[in-house]
file model_19.csv (CSV, C-alpha atoms)
chain,number,residue,atom,x,y,z
J,1,MET,CA,-20.9,-12.6,-14.7
J,2,ASN,CA,-20.6,-12.8,-10.9
J,3,ASP,CA,-17.0,-13.9,-10.0
J,4,LYS,CA,-17.6,-13.9,-6.3
J,5,ILE,CA,-16.9,-17.2,-4.7
J,6,GLU,CA,-19.3,-18.1,-1.9
J,7,GLN,CA,-17.9,-18.7,1.6
J,8,PRO,CA,-20.1,-21.6,2.9
J,9,MET,CA,-17.8,-22.2,5.8
J,10,GLY,CA,-17.1,-18.6,6.7
J,11,ASP,CA,-13.5,-17.3,6.5
J,12,GLY,CA,-12.1,-19.3,9.4
J,13,GLY,CA,-11.2,-16.2,11.4
J,14,PRO,CA,-7.9,-14.4,11.4
J,15,ALA,CA,-4.9,-16.4,10.1
J,16,PHE,CA,-2.4,-14.6,12.3
J,17,PRO,CA,-4.4,-13.2,15.3
J,18,ALA,CA,-3.3,-9.8,16.5
J,19,GLY,CA,-3.6,-8.4,20.0
J,20,HIS,CA,-6.8,-6.8,21.4
J,21,GLU,CA,-5.8,-3.4,20.1
J,22,ALA,CA,-5.7,-4.5,16.5
J,23,ILE,CA,-9.0,-6.3,16.8
J,24,VAL,CA,-10.7,-3.2,18.2
J,25,ARG,CA,-9.3,-1.1,15.3
J,26,GLY,CA,-10.7,-3.8,12.9
J,27,THR,CA,-7.3,-4.6,11.5
J,28,MET,CA,-7.3,-8.4,12.0
J,29,GLY,CA,-5.3,-9.1,8.9
J,30,MET,CA,-6.0,-11.9,6.4
J,31,SER,CA,-8.4,-14.7,7.1
J,32,ILE,CA,-7.5,-18.3,7.4
J,33,ARG,CA,-9.5,-18.8,4.1
J,34,ASP,CA,-7.3,-16.3,2.3
J,35,TYR,CA,-4.1,-17.8,3.8
J,36,PHE,CA,-5.1,-21.4,2.7
J,37,ALA,CA,-6.0,-20.1,-0.7
J,38,GLY,CA,-2.7,-18.3,-1.1
J,39,GLN,CA,-0.8,-21.4,0.0
J,40,ALA,CA,-2.8,-23.6,-2.5
J,41,MET,CA,-2.3,-21.1,-5.3
J,42,SER,CA,1.5,-20.8,-4.6
J,43,GLN,CA,1.8,-24.5,-4.9
J,44,GLY,CA,-0.3,-24.7,-8.0
J,45,MET,CA,1.4,-21.8,-9.6
J,46,ALA,CA,4.8,-23.4,-8.9
J,47,VAL,CA,3.8,-26.5,-10.8
J,48,LEU,CA,2.2,-24.7,-13.7
J,49,VAL,CA,5.0,-22.2,-14.1
J,50,SER,CA,7.6,-24.9,-14.1
J,51,SER,CA,5.9,-26.7,-16.9
J,52,SER,CA,4.6,-23.7,-18.9
J,53,HIS,CA,5.8,-20.1,-18.9
J,54,ASN,CA,2.8,-19.0,-21.0
J,55,LEU,CA,-0.1,-18.7,-18.6
J,56,ASN,CA,-2.8,-16.4,-19.8
J,57,ALA,CA,-5.2,-14.3,-17.7
J,58,THR,CA,-8.0,-16.9,-18.0
J,59,GLN,CA,-5.7,-19.7,-16.7
J,60,ILE,CA,-4.5,-17.5,-13.8
J,61,ASN,CA,-8.1,-16.6,-12.9
J,62,GLN,CA,-9.1,-20.2,-12.9
J,63,LEU,CA,-6.1,-21.1,-10.7
J,64,ALA,CA,-7.2,-18.5,-8.2
J,65,ARG,CA,-10.8,-19.8,-8.2
J,66,THR,CA,-9.5,-23.3,-7.7
J,67,ALA,CA,-7.3,-22.2,-4.8
J,68,TYR,CA,-10.4,-20.8,-3.0
J,69,LEU,CA,-12.3,-24.0,-3.6
J,70,ALA,CA,-9.3,-25.9,-2.0
J,71,SER,CA,-9.3,-23.4,0.8
J,72,ASP,CA,-13.1,-24.0,1.4
J,73,ALA,CA,-12.5,-27.8,1.5
J,74,MET,CA,-9.7,-27.3,4.0
J,75,LEU,CA,-11.9,-25.2,6.3
J,76,LYS,CA,-14.7,-27.8,6.0
J,77,ALA,CA,-12.1,-30.6,7.0
J,78,ARG,CA,-11.1,-28.6,10.0
J,79,GLN,CA,-14.7,-28.7,11.3
J,80,SER,CA,-14.9,-32.5,11.1

call {"tool": "encode", "arguments": {"input": "model_19.csv", "output": "structure tokens"}}
result
Amino acid sequence: MNDKIEQPMGDGGPAFPAGHEAIVRGTMGMSIRDYFAGQAMSQGMAVLVSSSHNLNATQINQLARTAYLASDAMLKARQS
């Protein structure tokens, strides 16, 4: 099974742009897509954990995939 989530909108560029030196070294940090997904996941995780302390690996993986879908939607909304 291929678990890779496509990035139709790209990654949005760096979330926290660094100076020229970091860009030249290729250490631009996390992308906006990753940042949005992390924020979506932290909110989703807070709701789920507060209601159920028994999340299994499958549920956590689905939450992560859903967070990236939300991130892609946010990137698309930024372009409109």

call {"tool": "residues_around", "arguments": {"input": "model_19.csv", "residues": "J:Asp11", "least_positions_apart": "4", "cutoff": "10 Å", "atoms": "all atoms listed in the file", "output": "PyMOL selection string"}}
result
chain J and resi 7+15+30-35+71-72+75

call {"tool": "atom_distance", "arguments": {"input": "model_19.csv", "atom1": "atom CA of J:Ala46", "atom2": "atom CA of J:Ile60"}}
result
12.1 Å

call {"tool": "atom_distance", "arguments": {"input": "model_19.csv", "atom1": "atom CA of J:Gly29", "atom2": "atom CA of J:Arg65"}}
result
20.9 Å
